[in-house]
file protein04.cif (mmCIF, C-alpha atoms)
data_entry
loop_
_atom_site.group_PDB
_atom_site.id
_atom_site.type_symbol
_atom_site.label_atom_id
_atom_site.label_comp_id
_atom_site.auth_asym_id
_atom_site.auth_seq_id
_atom_site.Cartn_x
_atom_site.Cartn_y
_atom_site.Cartn_z
ATOM 1 C CA MET C 614 -47.111 -59.217 -21.355
ATOM 2 C CA ARG C 615 -50.745 -59.113 -20.300
ATOM 3 C CA LEU C 616 -52.441 -56.324 -18.380
ATOM 4 C CA TRP C 617 -53.050 -56.573 -14.632
ATOM 5 C CA ASN C 618 -54.874 -59.712 -13.466
ATOM 6 C CA LYS C 619 -55.157 -62.141 -10.554
ATOM 7 C CA ASN C 620 -51.958 -63.937 -11.536
ATOM 8 C CA GLN C 621 -49.977 -60.751 -10.929
ATOM 9 C CA GLU C 622 -51.355 -60.499 -7.403
ATOM 10 C CA LYS C 623 -50.556 -64.142 -6.634
ATOM 11 C CA LEU C 624 -47.042 -63.544 -7.941
ATOM 12 C CA PHE C 625 -46.710 -60.512 -5.652
ATOM 13 C CA PHE C 626 -47.504 -62.569 -2.564
ATOM 14 C CA LYS C 627 -45.254 -65.436 -3.658
ATOM 15 C CA ASN C 628 -42.320 -63.069 -4.239
ATOM 16 C CA SER C 629 -42.963 -61.102 -1.045
ATOM 17 C CA GLU C 630 -42.941 -64.269 1.096
ATOM 18 C CA LYS C 631 -39.177 -64.370 0.493
ATOM 19 C CA VAL C 632 -38.570 -60.986 2.147
ATOM 20 C CA ALA C 633 -41.492 -60.477 4.540
ATOM 21 C CA PHE C 634 -43.255 -62.337 7.338
ATOM 22 C CA THR C 635 -46.814 -63.596 6.962
ATOM 23 C CA ASN C 636 -48.179 -60.957 9.361
ATOM 24 C CA GLN C 637 -46.584 -58.246 7.217
ATOM 25 C CA LEU C 638 -48.557 -59.385 4.166
ATOM 26 C CA PHE C 639 -51.855 -60.612 5.597
ATOM 27 C CA TYR C 640 -54.344 -59.779 8.315
ATOM 28 C CA ARG C 641 -55.176 -62.540 10.819
ATOM 29 C CA THR C 642 -58.872 -62.903 11.614
ATOM 30 C CA ASN C 643 -60.246 -64.059 14.976
ATOM 31 C CA ASP C 644 -60.831 -67.544 13.581
ATOM 32 C CA GLY C 645 -57.172 -67.865 12.514
ATOM 33 C CA ARG C 646 -57.446 -67.161 8.791
ATOM 34 C CA TYR C 647 -54.859 -65.025 6.995
ATOM 35 C CA VAL C 648 -56.473 -62.643 4.475
ATOM 36 C CA ALA C 649 -55.267 -59.767 2.287
ATOM 37 C CA TYR C 650 -58.190 -57.537 3.336
ATOM 38 C CA TRP C 651 -60.783 -57.645 6.096
ATOM 39 C CA PRO C 652 -63.877 -59.290 4.551
ATOM 40 C CA LYS C 653 -67.120 -57.322 4.324
ATOM 41 C CA GLY C 654 -69.149 -57.880 7.448
ATOM 42 C CA TYR C 655 -66.165 -58.898 9.583
ATOM 43 C CA ARG C 656 -66.784 -57.721 13.146
ATOM 44 C CA GLY C 657 -63.742 -59.104 14.962
ATOM 45 C CA GLN C 658 -60.695 -57.262 16.210
ATOM 46 C CA LYS C 659 -58.950 -55.366 13.412
ATOM 47 C CA SER C 660 -55.620 -53.634 12.818
ATOM 48 C CA THR C 661 -54.146 -51.521 10.028
ATOM 49 C CA LEU C 662 -51.462 -53.138 7.855
ATOM 50 C CA GLN C 663 -48.869 -50.631 6.616
ATOM 51 C CA SER C 664 -45.885 -52.908 6.006
ATOM 52 C CA ARG C 665 -47.285 -54.147 2.674
ATOM 53 C CA ASN C 666 -47.493 -50.696 1.067
ATOM 54 C CA SER C 667 -43.841 -50.303 0.085
ATOM 55 C CA LEU C 668 -43.699 -53.883 -1.185
ATOM 56 C CA ILE C 669 -46.708 -53.481 -3.485
ATOM 57 C CA GLY C 670 -45.423 -50.070 -4.539
ATOM 58 C CA ASN C 671 -42.094 -51.521 -5.670
ATOM 59 C CA PHE C 672 -43.756 -54.515 -7.319
ATOM 60 C CA THR C 673 -46.269 -52.469 -9.329
ATOM 61 C CA GLU C 674 -43.695 -49.891 -10.426
ATOM 62 C CA GLU C 675 -41.470 -52.658 -11.733
ATOM 63 C CA TRP C 676 -44.458 -54.307 -13.426
ATOM 64 C CA VAL C 677 -45.415 -51.049 -15.213
ATOM 65 C CA PHE C 678 -41.749 -50.537 -16.163
ATOM 66 C CA ASN C 679 -41.585 -54.001 -17.767
ATOM 67 C CA LEU C 680 -44.981 -53.601 -19.440
ATOM 68 C CA PHE C 681 -44.088 -50.282 -21.082
ATOM 69 C CA ASN C 682 -40.705 -51.640 -22.137
ATOM 70 C CA SER C 683 -42.491 -54.466 -23.946
ATOM 71 C CA LEU C 684 -44.849 -52.069 -25.753
ATOM 72 C CA ILE C 685 -42.532 -49.280 -26.906
ATOM 73 C CA ASP C 686 -40.927 -50.015 -30.258
ATOM 74 C CA ASP C 687 -39.176 -46.687 -30.813
ATOM 75 C CA GLU C 688 -35.467 -47.197 -30.092
ATOM 76 C CA ASN C 689 -35.154 -43.489 -29.295
ATOM 77 C CA LEU C 690 -37.516 -43.785 -26.318
ATOM 78 C CA HIS C 691 -36.457 -45.183 -22.951
ATOM 79 C CA VAL C 692 -38.526 -46.200 -19.929
ATOM 80 C CA ILE C 693 -36.958 -44.863 -16.729
ATOM 81 C CA ARG C 694 -37.995 -45.931 -13.245
ATOM 82 C CA GLN C 695 -37.529 -43.559 -10.281
ATOM 83 C CA ALA C 696 -36.444 -40.760 -12.607
ATOM 84 C CA ARG C 697 -35.225 -37.426 -11.277
ATOM 85 C CA ILE C 698 -35.888 -34.153 -13.098
ATOM 86 C CA PRO C 699 -34.325 -31.430 -10.910
ATOM 87 C CA SER C 700 -35.630 -28.467 -12.923
ATOM 88 C CA LEU C 701 -39.199 -29.647 -12.211
ATOM 89 C CA GLY C 702 -38.587 -30.266 -8.518
ATOM 90 C CA ILE C 703 -38.567 -34.039 -9.078
ATOM 91 C CA THR C 704 -35.662 -35.144 -6.883
ATOM 92 C CA SER C 705 -34.567 -38.299 -5.082
ATOM 93 C CA ARG C 706 -36.950 -37.405 -2.245
ATOM 94 C CA SER C 707 -39.959 -37.730 -4.570
ATOM 95 C CA PRO C 708 -38.878 -39.108 -7.958
ATOM 96 C CA ALA C 709 -41.135 -39.771 -10.932
ATOM 97 C CA ASP C 710 -42.354 -43.357 -10.627
ATOM 98 C CA ILE C 711 -42.013 -43.951 -14.363
ATOM 99 C CA ALA C 712 -40.834 -41.572 -17.087
ATOM 100 C CA ILE C 713 -40.417 -42.109 -20.806
ATOM 101 C CA ALA C 714 -37.475 -40.118 -22.069
ATOM 102 C CA LEU C 715 -35.178 -39.524 -25.006
ATOM 103 C CA THR C 716 -32.090 -40.544 -22.995
ATOM 104 C CA ASP C 717 -31.485 -43.633 -20.875
ATOM 105 C CA LYS C 718 -30.408 -42.132 -17.557
ATOM 106 C CA LYS C 719 -31.881 -41.529 -14.102
ATOM 107 C CA VAL C 720 -31.304 -37.767 -13.947
ATOM 108 C CA LEU C 721 -33.079 -36.011 -16.794
ATOM 109 C CA LYS C 722 -33.528 -32.555 -18.248
ATOM 110 C CA ALA C 723 -37.129 -31.466 -18.787
ATOM 111 C CA ASP C 724 -36.741 -31.343 -22.576
ATOM 112 C CA GLU C 725 -35.637 -34.997 -22.550
ATOM 113 C CA VAL C 726 -38.894 -36.192 -20.974
ATOM 114 C CA LYS C 727 -41.832 -37.307 -23.150
ATOM 115 C CA VAL C 728 -44.286 -38.500 -20.456
ATOM 116 C CA ILE C 729 -44.409 -38.794 -16.651
ATOM 117 C CA PHE C 730 -46.412 -41.576 -14.977
ATOM 118 C CA GLU C 731 -47.458 -41.640 -11.330
ATOM 119 C CA VAL C 732 -48.263 -45.237 -10.293
ATOM 120 C CA LYS C 733 -51.119 -45.770 -7.814
ATOM 121 C CA MET C 734 -51.738 -49.507 -8.004
ATOM 122 C CA SER C 735 -52.519 -51.978 -5.234
ATOM 123 C CA ILE C 736 -53.926 -55.409 -4.409
ATOM 124 C CA VAL C 737 -57.464 -55.444 -5.842
ATOM 125 C CA TRP C 738 -58.882 -58.874 -4.979
ATOM 126 C CA ASN C 739 -59.026 -60.498 -1.558
ATOM 127 C CA TRP C 740 -56.746 -63.458 -0.920
ATOM 128 C CA GLN C 741 -56.487 -66.141 1.762
ATOM 129 C CA TYR C 742 -53.163 -67.672 2.735
ATOM 130 C CA ASP C 743 -52.886 -71.225 4.061
ATOM 131 C CA VAL C 744 -49.946 -71.427 6.450
ATOM 132 C CA ASP C 745 -49.661 -75.222 6.298
ATOM 133 C CA SER C 746 -49.632 -75.641 2.527
ATOM 134 C CA GLY C 747 -48.360 -72.192 1.561
ATOM 135 C CA SER C 748 -51.183 -71.884 -0.974
ATOM 136 C CA ILE C 749 -52.871 -68.575 -1.801
ATOM 137 C CA THR C 750 -56.524 -68.592 -2.834
ATOM 138 C CA GLU C 751 -58.628 -65.747 -4.214
ATOM 139 C CA ILE C 752 -61.778 -65.282 -2.099
ATOM 140 C CA GLY C 753 -63.515 -62.304 -3.730
ATOM 141 C CA ASP C 754 -63.186 -59.067 -5.704
ATOM 142 C CA PHE C 755 -63.053 -55.608 -4.123
ATOM 143 C CA ARG C 756 -66.834 -55.615 -3.541
ATOM 144 C CA THR C 757 -66.375 -58.394 -0.966
ATOM 145 C CA HIS C 758 -63.756 -56.770 1.281
ATOM 146 C CA GLN C 759 -63.342 -53.584 3.312
ATOM 147 C CA GLY C 760 -60.227 -52.341 1.539
ATOM 148 C CA LYS C 761 -60.103 -49.423 -0.891
ATOM 149 C CA PRO C 762 -57.731 -50.388 -3.711
ATOM 150 C CA SER C 763 -56.050 -47.997 -6.136
ATOM 151 C CA PHE C 764 -58.448 -45.428 -7.642
ATOM 152 C CA THR C 765 -61.244 -46.291 -5.197
ATOM 153 C CA ARG C 766 -59.149 -44.784 -2.396
ATOM 154 C CA SER C 767 -59.678 -41.014 -2.142
ATOM 155 C CA ASP C 768 -56.493 -40.202 -0.208
ATOM 156 C CA SER C 769 -54.409 -42.040 -2.818
ATOM 157 C CA ILE C 770 -56.020 -40.058 -5.648
ATOM 158 C CA LEU C 771 -55.637 -36.751 -3.793
ATOM 159 C CA LYS C 772 -51.958 -37.505 -3.172
ATOM 160 C CA ALA C 773 -51.451 -38.230 -6.884
ATOM 161 C CA ILE C 774 -53.282 -35.039 -7.883
ATOM 162 C CA GLY C 775 -51.174 -33.011 -5.472
ATOM 163 C CA LYS C 776 -47.924 -34.369 -6.871
ATOM 164 C CA CYS C 777 -49.052 -33.792 -10.470
ATOM 165 C CA ILE C 778 -50.062 -30.195 -9.738
ATOM 166 C CA ASP C 779 -46.726 -29.613 -8.004
ATOM 167 C CA ILE C 780 -44.921 -30.807 -11.147
ATOM 168 C CA ARG C 781 -47.163 -28.782 -13.448
ATOM 169 C CA VAL C 782 -46.607 -25.459 -11.635
ATOM 170 C CA SER C 783 -42.938 -26.020 -10.763
ATOM 171 C CA ASN C 784 -41.459 -24.613 -13.965
ATOM 172 C CA ILE C 785 -42.582 -23.460 -17.402
ATOM 173 C CA GLU C 786 -40.558 -26.397 -18.777
ATOM 174 C CA SER C 787 -43.245 -28.804 -17.531
ATOM 175 C CA SER C 788 -45.861 -27.288 -19.851
ATOM 176 C CA ARG C 789 -45.019 -29.681 -22.701
ATOM 177 C CA ILE C 790 -44.926 -32.906 -20.635
ATOM 178 C CA PRO C 791 -48.084 -35.056 -20.319
ATOM 179 C CA ILE C 792 -48.704 -36.487 -16.837
ATOM 180 C CA ILE C 793 -50.682 -39.724 -16.413
ATOM 181 C CA VAL C 794 -51.782 -41.477 -13.209
ATOM 182 C CA ILE C 795 -51.719 -45.280 -13.483
ATOM 183 C CA GLY C 796 -54.029 -47.512 -11.427
ATOM 184 C CA ASN C 797 -55.644 -50.952 -11.459
ATOM 185 C CA ALA C 798 -59.172 -50.347 -10.139
ATOM 186 C CA PRO C 799 -62.193 -48.293 -11.226
ATOM 187 C CA LEU C 800 -62.259 -44.595 -10.448
ATOM 188 C CA SER C 801 -64.612 -43.797 -7.573
ATOM 189 C CA ASN C 802 -67.814 -42.053 -8.630
ATOM 190 C CA GLY C 803 -66.927 -38.979 -6.599
ATOM 191 C CA PHE C 804 -63.816 -38.334 -8.705
ATOM 192 C CA SER C 805 -65.217 -38.930 -12.195
ATOM 193 C CA LYS C 806 -66.086 -35.280 -12.887
ATOM 194 C CA LYS C 807 -62.840 -34.149 -11.260
ATOM 195 C CA ALA C 808 -60.806 -36.444 -13.536
ATOM 196 C CA ASP C 809 -62.499 -34.972 -16.606
ATOM 197 C CA HIS C 810 -61.991 -31.433 -15.332
ATOM 198 C CA LEU C 811 -58.291 -32.042 -14.617
ATOM 199 C CA LYS C 812 -57.864 -33.387 -18.148
ATOM 200 C CA SER C 813 -59.796 -30.496 -19.730
ATOM 201 C CA ALA C 814 -57.740 -28.007 -17.696
ATOM 202 C CA GLY C 815 -54.537 -29.666 -18.916
ATOM 203 C CA ILE C 816 -53.201 -30.455 -15.440
ATOM 204 C CA ILE C 817 -53.349 -34.258 -15.703
ATOM 205 C CA GLN C 818 -53.804 -35.986 -19.060
ATOM 206 C CA GLY C 819 -55.606 -39.001 -17.655
ATOM 207 C CA PHE C 820 -56.217 -41.621 -14.984
ATOM 208 C CA TRP C 821 -55.519 -44.963 -16.661
ATOM 209 C CA SER C 822 -56.582 -48.305 -15.208
ATOM 210 C CA LEU C 823 -54.562 -51.248 -16.499
ATOM 211 C CA ASN C 824 -56.937 -53.848 -15.043
ATOM 212 C CA PRO C 825 -59.471 -54.998 -17.691
ATOM 213 C CA PHE C 826 -61.577 -57.180 -15.359
ATOM 214 C CA PRO C 827 -61.437 -55.991 -11.731
ATOM 215 C CA LEU C 828 -64.745 -57.709 -10.912
ATOM 216 C CA ASN C 829 -65.395 -61.464 -10.881
ATOM 217 C CA HIS C 830 -68.873 -60.869 -12.271
ATOM 218 C CA GLY C 831 -70.104 -57.865 -14.231
ATOM 219 C CA ASN C 832 -68.098 -54.976 -15.551
ATOM 220 C CA THR C 833 -66.944 -51.511 -14.595
ATOM 221 C CA ARG C 834 -66.910 -48.097 -16.269
ATOM 222 C CA LYS C 835 -64.836 -48.036 -19.440
ATOM 223 C CA THR C 836 -64.306 -44.263 -19.523
ATOM 224 C CA THR C 837 -65.652 -40.971 -18.239
ATOM 225 C CA PRO C 838 -67.452 -38.581 -20.657
ATOM 226 C CA ASN C 839 -64.341 -36.523 -21.480
ATOM 227 C CA GLY C 840 -61.778 -39.314 -21.196
ATOM 228 C CA GLY C 841 -60.272 -38.229 -17.891
ATOM 229 C CA PHE C 842 -60.467 -41.888 -16.853
ATOM 230 C CA ILE C 843 -59.917 -44.854 -19.170
ATOM 231 C CA ARG C 844 -59.952 -48.582 -18.437
ATOM 232 C CA PHE C 845 -57.766 -50.464 -20.909
ATOM 233 C CA ASP C 846 -58.964 -53.877 -22.048
ATOM 234 C CA ASN C 847 -55.793 -55.127 -23.748
ATOM 235 C CA THR C 848 -52.188 -54.191 -24.473
ATOM 236 C CA GLU C 849 -52.987 -53.184 -28.065
ATOM 237 C CA GLU C 850 -55.352 -50.481 -26.828
ATOM 238 C CA LEU C 851 -52.783 -49.258 -24.302
ATOM 239 C CA LYS C 852 -50.053 -49.161 -26.949
ATOM 240 C CA LEU C 853 -52.296 -47.086 -29.223
ATOM 241 C CA HIS C 854 -52.840 -44.473 -26.488
ATOM 242 C CA LEU C 855 -49.130 -44.404 -25.645
ATOM 243 C CA ASN C 856 -48.217 -43.772 -29.274
ATOM 244 C CA ARG C 857 -50.759 -40.952 -29.461
ATOM 245 C CA LEU C 858 -49.144 -39.314 -26.440
ATOM 246 C CA PHE C 859 -45.695 -39.482 -28.026
ATOM 247 C CA LYS C 860 -46.919 -37.878 -31.248
ATOM 248 C CA LYS C 861 -48.918 -35.017 -29.705
ATOM 249 C CA ASP C 862 -47.266 -31.645 -29.312
ATOM 250 C CA LEU C 863 -49.103 -30.542 -26.183
ATOM 251 C CA ASN C 864 -48.860 -27.234 -24.355
ATOM 252 C CA PHE C 865 -50.255 -26.467 -20.916
ATOM 253 C CA PHE C 866 -51.365 -22.892 -20.299
ATOM 254 C CA SER C 867 -53.234 -21.156 -17.497
ATOM 255 C CA GLY C 868 -53.806 -17.743 -16.054
ATOM 256 C CA MET C 869 -56.266 -15.249 -14.612
ATOM 257 C CA GLU C 870 -56.847 -12.269 -16.905
ATOM 258 C CA ASN C 871 -59.717 -9.968 -17.765
ATOM 259 C CA ALA C 872 -61.517 -10.283 -21.113
ATOM 260 C CA GLU C 873 -59.961 -7.090 -22.520
ATOM 261 C CA SER C 874 -56.390 -8.316 -21.988
ATOM 262 C CA LEU C 875 -57.203 -11.718 -23.455
ATOM 263 C CA GLY C 876 -58.759 -10.007 -26.451
ATOM 264 C CA LYS C 877 -55.514 -8.083 -27.046
ATOM 265 C CA TYR C 878 -53.473 -11.299 -26.905
ATOM 266 C CA ILE C 879 -55.830 -12.965 -29.384
ATOM 267 C CA GLU C 880 -55.605 -9.974 -31.736
ATOM 268 C CA ILE C 881 -51.797 -9.974 -31.624
ATOM 269 C CA ALA C 882 -51.649 -13.747 -32.138
ATOM 270 C CA ASN C 883 -54.073 -13.531 -35.067
ATOM 271 C CA MET C 884 -51.526 -11.461 -37.012
ATOM 272 C CA GLU C 885 -49.389 -14.593 -37.507
ATOM 273 C CA ASP C 886 -49.651 -16.392 -40.839
ATOM 274 C CA THR C 887 -50.506 -19.997 -39.825
ATOM 275 C CA TYR C 888 -52.677 -21.650 -37.181
ATOM 276 C CA GLU C 889 -49.578 -23.157 -35.580
ATOM 277 C CA ASN C 890 -47.819 -19.807 -35.375
ATOM 278 C CA LYS C 891 -50.978 -18.153 -34.051
ATOM 279 C CA GLY C 892 -51.178 -20.776 -31.315
ATOM 280 C CA LEU C 893 -47.512 -20.467 -30.401
ATOM 281 C CA LYS C 894 -47.734 -16.673 -30.302
ATOM 282 C CA PHE C 895 -50.752 -16.799 -28.002
ATOM 283 C CA LEU C 896 -49.026 -19.335 -25.707
ATOM 284 C CA ASN C 897 -45.907 -17.161 -25.492
ATOM 285 C CA LEU C 898 -48.026 -14.136 -24.567
ATOM 286 C CA ILE C 899 -49.895 -16.137 -21.910
ATOM 287 C CA LYS C 900 -46.644 -17.497 -20.426
ATOM 288 C CA ARG C 901 -45.483 -13.951 -19.708
ATOM 289 C CA LEU C 902 -48.355 -13.378 -17.293
#

call {"tool": "encode", "arguments": {"input": "protein04.cif", "output": "structure tokens"}}
result
Amino acid sequence: MRLWNKNQEKLFFKNSEKVAFTNQLFYRTNDGRYVAYWPKGYRGQKSTLQSRNSLIGNFTEEWVFNLFNSLIDDENLHVIRQARIPSLGITSRSPADIAIALTDKKVLKADEVKVIFEVKMSIVWNWQYDVDSGSITEIGDFRTHQGKPSFTRSDSILKAIGKCIDIRVSNIESSRIPIIVIGNAPLSNGFSKKADHLKSAGIIQGFWSLNPFPLNHGNTRKTTPNGGFIRFDNTEELKLHLNRLFKKDLNFFSGMENAESLGKYIEIANMEDTYENKGLKFLNLIKRL
């Protein structure tokens, strides 16, 4: 499989035509055109299209599910869509969009989960639909329309951050599970530093864009300074980062303590004989706070 591109968006509209009406997928301009987003500079009567959200959500989740399935070679790892992890508060009301786990089942224990992915993808380009011929034509990238796709939409990012924080603080069992937010557009400038800070703090391990070329001309940011955001250019690069996640033995830790108490924990941990044991001892002391 290839990463996200215009063909995937055309396929979304073609598939959705079978289950949705035209006015549920496209906006109708004053001059009778059907478009995916209101074009820049459009001054006619406008409405807000909500009916497409669940359709694109289902389509992109399934696309990520199939993509990861094609990239993971380890027979002991399974890609689970709409996974539930009750001990982490991840239930049927708000399941994990995609999880990679050691067992192939919908309801998982925390120690069976290797990675959790929150999918925040959307239509990136603008499209025009011809009612008579049924053809769909791309009419511009996200710079040419008024929509805010994927990571360029602040409320979508804030919702993803909120869910990830809720998972991270739900139970000590979540401390060993990386959490990644998946998108298909560049990260807005206002969230670049926040993405790096969230990664450095261990709350979210990255915002990953799976769209190599979101612009028709020119390019977008490849990564932020500390890797909180990464744009992947091909499946080989994505596979490399996935494999690194599976091999890392990560531990999230946090707390508010004075310097004297932290010094005591460090001194106690330093009595262990190896770096690994020192680290584990310190983490166990911190977790008791």

call {"tool": "residues_around", "arguments": {"input": "protein04.cif", "residues": "stretch 735-752 of chain C", "least_positions_apart": "4", "cutoff": "6 Å", "atoms": "all atoms listed in the file", "output": "list of chain:residue names"}}
result
C:Tyr647, C:Val648, C:Ala649, C:Tyr650, C:Pro762, C:Ser763

call {"tool": "closest_residue", "arguments": {"input": "protein04.cif", "among": "C:Gly876, C:Gly760, C:Gly702, C:Gly796", "to": "C:Trp617", "atoms": "only C-alpha atoms"}}
result
C:Gly796

call {"tool": "resolve_selection", "arguments": {"input": "protein04.cif", "expression": "the PyMOL selection byres ((chain C and resi 657) around 12)", "output": "VMD selection string"}}
result
chain C and resid 640 to 646 651 to 656 658 to 660

call {"tool": "write_last_selection", "arguments": {"input": "protein04.cif", "atoms": "C-alpha atoms", "output": "mmCIF file, in the frame of the given file"}}
result
data_model
loop_
_atom_site.group_PDB
_atom_site.id
_atom_site.type_symbol
_atom_site.label_atom_id
_atom_site.label_comp_id
_atom_site.auth_asym_id
_atom_site.auth_seq_id
_atom_site.Cartn_x
_atom_site.Cartn_y
_atom_site.Cartn_z
ATOM 1 C CA TYR C 640 -54.344 -59.779 8.315
ATOM 2 C CA ARG C 641 -55.176 -62.540 10.819
ATOM 3 C CA THR C 642 -58.872 -62.903 11.614
ATOM 4 C CA ASN C 643 -60.246 -64.059 14.976
ATOM 5 C CA ASP C 644 -60.831 -67.544 13.581
ATOM 6 C CA GLY C 645 -57.172 -67.865 12.514
ATOM 7 C CA ARG C 646 -57.446 -67.161 8.791
ATOM 8 C CA TRP C 651 -60.783 -57.645 6.096
ATOM 9 C CA PRO C 652 -63.877 -59.290 4.551
ATOM 10 C CA LYS C 653 -67.120 -57.322 4.324
ATOM 11 C CA GLY C 654 -69.149 -57.880 7.448
ATOM 12 C CA TYR C 655 -66.165 -58.898 9.583
ATOM 13 C CA ARG C 656 -66.784 -57.721 13.146
ATOM 14 C CA GLN C 658 -60.695 -57.262 16.210
ATOM 15 C CA LYS C 659 -58.950 -55.366 13.412
ATOM 16 C CA SER C 660 -55.620 -53.634 12.818
#

call {"tool": "closest_residue", "arguments": {"input": "protein04.cif", "among": "C:Leu638, C:Leu858, C:Leu662, C:Ala773", "to": "C:Ile713", "atoms": "all atoms listed in the file"}}
result
C:Leu858

call {"tool": "residues_around", "arguments": {"input": "protein04.cif", "residues": "C:Pro825", "least_positions_apart": "3", "cutoff": "12 Å", "atoms": "only C-alpha atoms", "output": "JSON, numbers by chain"}}
result
{"C": [615, 616, 617, 618, 619, 796, 797, 798, 799, 821, 822, 828, 829, 831, 832, 833, 834, 835, 836, 843, 844, 845, 846, 847, 848, 850, 851]}

call {"tool": "residues_around", "arguments": {"input": "protein04.cif", "residues": "C:Phe820", "least_positions_apart": "5", "cutoff": "8 Å", "atoms": "all atoms listed in the file", "output": "number ranges by chain"}}
result
C: 793-796, 808, 841-843

call {"tool": "write_last_selection", "arguments": {"input": "protein04.cif", "atoms": "C-alpha atoms", "output": "compact mmCIF listing (two decimals), in the coordinates of the input"}}
result
# COMPACT_ATOMS: atom_id res chain seq x y z
CA ILE C 793 -50.68 -39.72 -16.41
CA VAL C 794 -51.78 -41.48 -13.21
CA ILE C 795 -51.72 -45.28 -13.48
CA GLY C 796 -54.03 -47.51 -11.43
CA ALA C 808 -60.81 -36.44 -13.54
CA GLY C 841 -60.27 -38.23 -17.89
CA PHE C 842 -60.47 -41.89 -16.85
CA ILE C 843 -59.92 -44.85 -19.17

call {"tool": "residues_around", "arguments": {"input": "protein04.cif", "residues": "C:Met614", "least_positions_apart": "4", "cutoff": "12 Å", "atoms": "all atoms listed in the file", "output": "PyMOL selection string"}}
result
chain C and resi 618+620-621+676-684+823+847-849+851-852

call {"tool": "resolve_selection", "arguments": {"input": "protein04.cif", "expression": "the PyMOL selection byres ((chain C and resi 708) around 6)", "output": "mmCIF file with C-alpha atoms, in the frame of the given file"}}
result
data_model
loop_
_atom_site.group_PDB
_atom_site.id
_atom_site.type_symbol
_atom_site.label_atom_id
_atom_site.label_comp_id
_atom_site.auth_asym_id
_atom_site.auth_seq_id
_atom_site.Cartn_x
_atom_site.Cartn_y
_atom_site.Cartn_z
ATOM 1 C CA GLN C 695 -37.529 -43.559 -10.281
ATOM 2 C CA ALA C 696 -36.444 -40.760 -12.607
ATOM 3 C CA ARG C 697 -35.225 -37.426 -11.277
ATOM 4 C CA ILE C 703 -38.567 -34.039 -9.078
ATOM 5 C CA THR C 704 -35.662 -35.144 -6.883
ATOM 6 C CA SER C 705 -34.567 -38.299 -5.082
ATOM 7 C CA SER C 707 -39.959 -37.730 -4.570
ATOM 8 C CA ALA C 709 -41.135 -39.771 -10.932
#

call {"tool": "residues_around", "arguments": {"input": "protein04.cif", "residues": "C:Asn689", "least_positions_apart": "5", "cutoff": "12 Å", "atoms": "only C-alpha atoms", "output": "list in words"}}
result
Ile713, Ala714, Leu715, Thr716, Asp717, Glu725, Val726, Lys727 and Phe859 of chain C

call {"tool": "write_last_selection", "arguments": {"input": "protein04.cif", "atoms": "C-alpha atoms", "output": "PDB file, in the coordinates of the input"}}
result
ATOM      1  CA  ILE C 713     -40.417 -42.109 -20.806  1.00  0.00           C
ATOM      2  CA  ALA C 714     -37.475 -40.118 -22.069  1.00  0.00           C
ATOM      3  CA  LEU C 715     -35.178 -39.524 -25.006  1.00  0.00           C
ATOM      4  CA  THR C 716     -32.090 -40.544 -22.995  1.00  0.00           C
ATOM      5  CA  ASP C 717     -31.485 -43.633 -20.875  1.00  0.00           C
ATOM      6  CA  GLU C 725     -35.637 -34.997 -22.550  1.00  0.00           C
ATOM      7  CA  VAL C 726     -38.894 -36.192 -20.974  1.00  0.00           C
ATOM      8  CA  LYS C 727     -41.832 -37.307 -23.150  1.00  0.00           C
ATOM      9  CA  PHE C 859     -45.695 -39.482 -28.026  1.00  0.00           C
TER      10      PHE C 859
END

call {"tool": "atom_distance", "arguments": {"input": "protein04.cif", "atom1": "atom CA of C:Ser813", "atom2": "atom CA of C:Lys776"}}
result
17.9 Å

call {"tool": "closest_residue", "arguments": {"input": "protein04.cif", "among": "C:Thr661, C:Ser787, C:Gly775, C:Asn636", "to": "C:Pro699", "atoms": "all atoms listed in the file"}}
result
C:Ser787

call {"tool": "atom_distance", "arguments": {"input": "protein04.cif", "atom1": "atom CA of C:Tyr888", "atom2": "atom CA of C:Gly815"}}
result
20.0 Å

call {"tool": "atom_distance", "arguments": {"input": "protein04.cif", "atom1": "atom CA of C:Ile669", "atom2": "atom CA of C:His854"}}
result
25.5 Å

call {"tool": "resolve_selection", "arguments": {"input": "protein04.cif", "expression": "the PyMOL selection byres ((chain C and resi 800) around 6)", "output": "VMD selection string"}}
result
chain C and resid 764 to 765 799 801

call {"tool": "write_last_selection", "arguments": {"input": "protein04.cif", "atoms": "C-alpha atoms", "output": "PDB file, keeping the file's coordinate frame"}}
result
ATOM      1  CA  PHE C 764     -58.448 -45.428  -7.642  1.00  0.00           C
ATOM      2  CA  THR C 765     -61.244 -46.291  -5.197  1.00  0.00           C
ATOM      3  CA  PRO C 799     -62.193 -48.293 -11.226  1.00  0.00           C
ATOM      4  CA  SER C 801     -64.612 -43.797  -7.573  1.00  0.00           C
TER       5      SER C 801
END

call {"tool": "closest_residue", "arguments": {"input": "protein04.cif", "among": "C:Ile790, C:Glu889, C:Glu630, C:Pro827", "to": "C:Phe755", "atoms": "all atoms listed in the file"}}
result
C:Pro827

call {"tool": "closest_residue", "arguments": {"input": "protein04.cif", "among": "C:Gln637, C:Ser788, C:Asn666, C:Gln818", "to": "C:Gly840", "atoms": "all atoms listed in the file"}}
result
C:Gln818
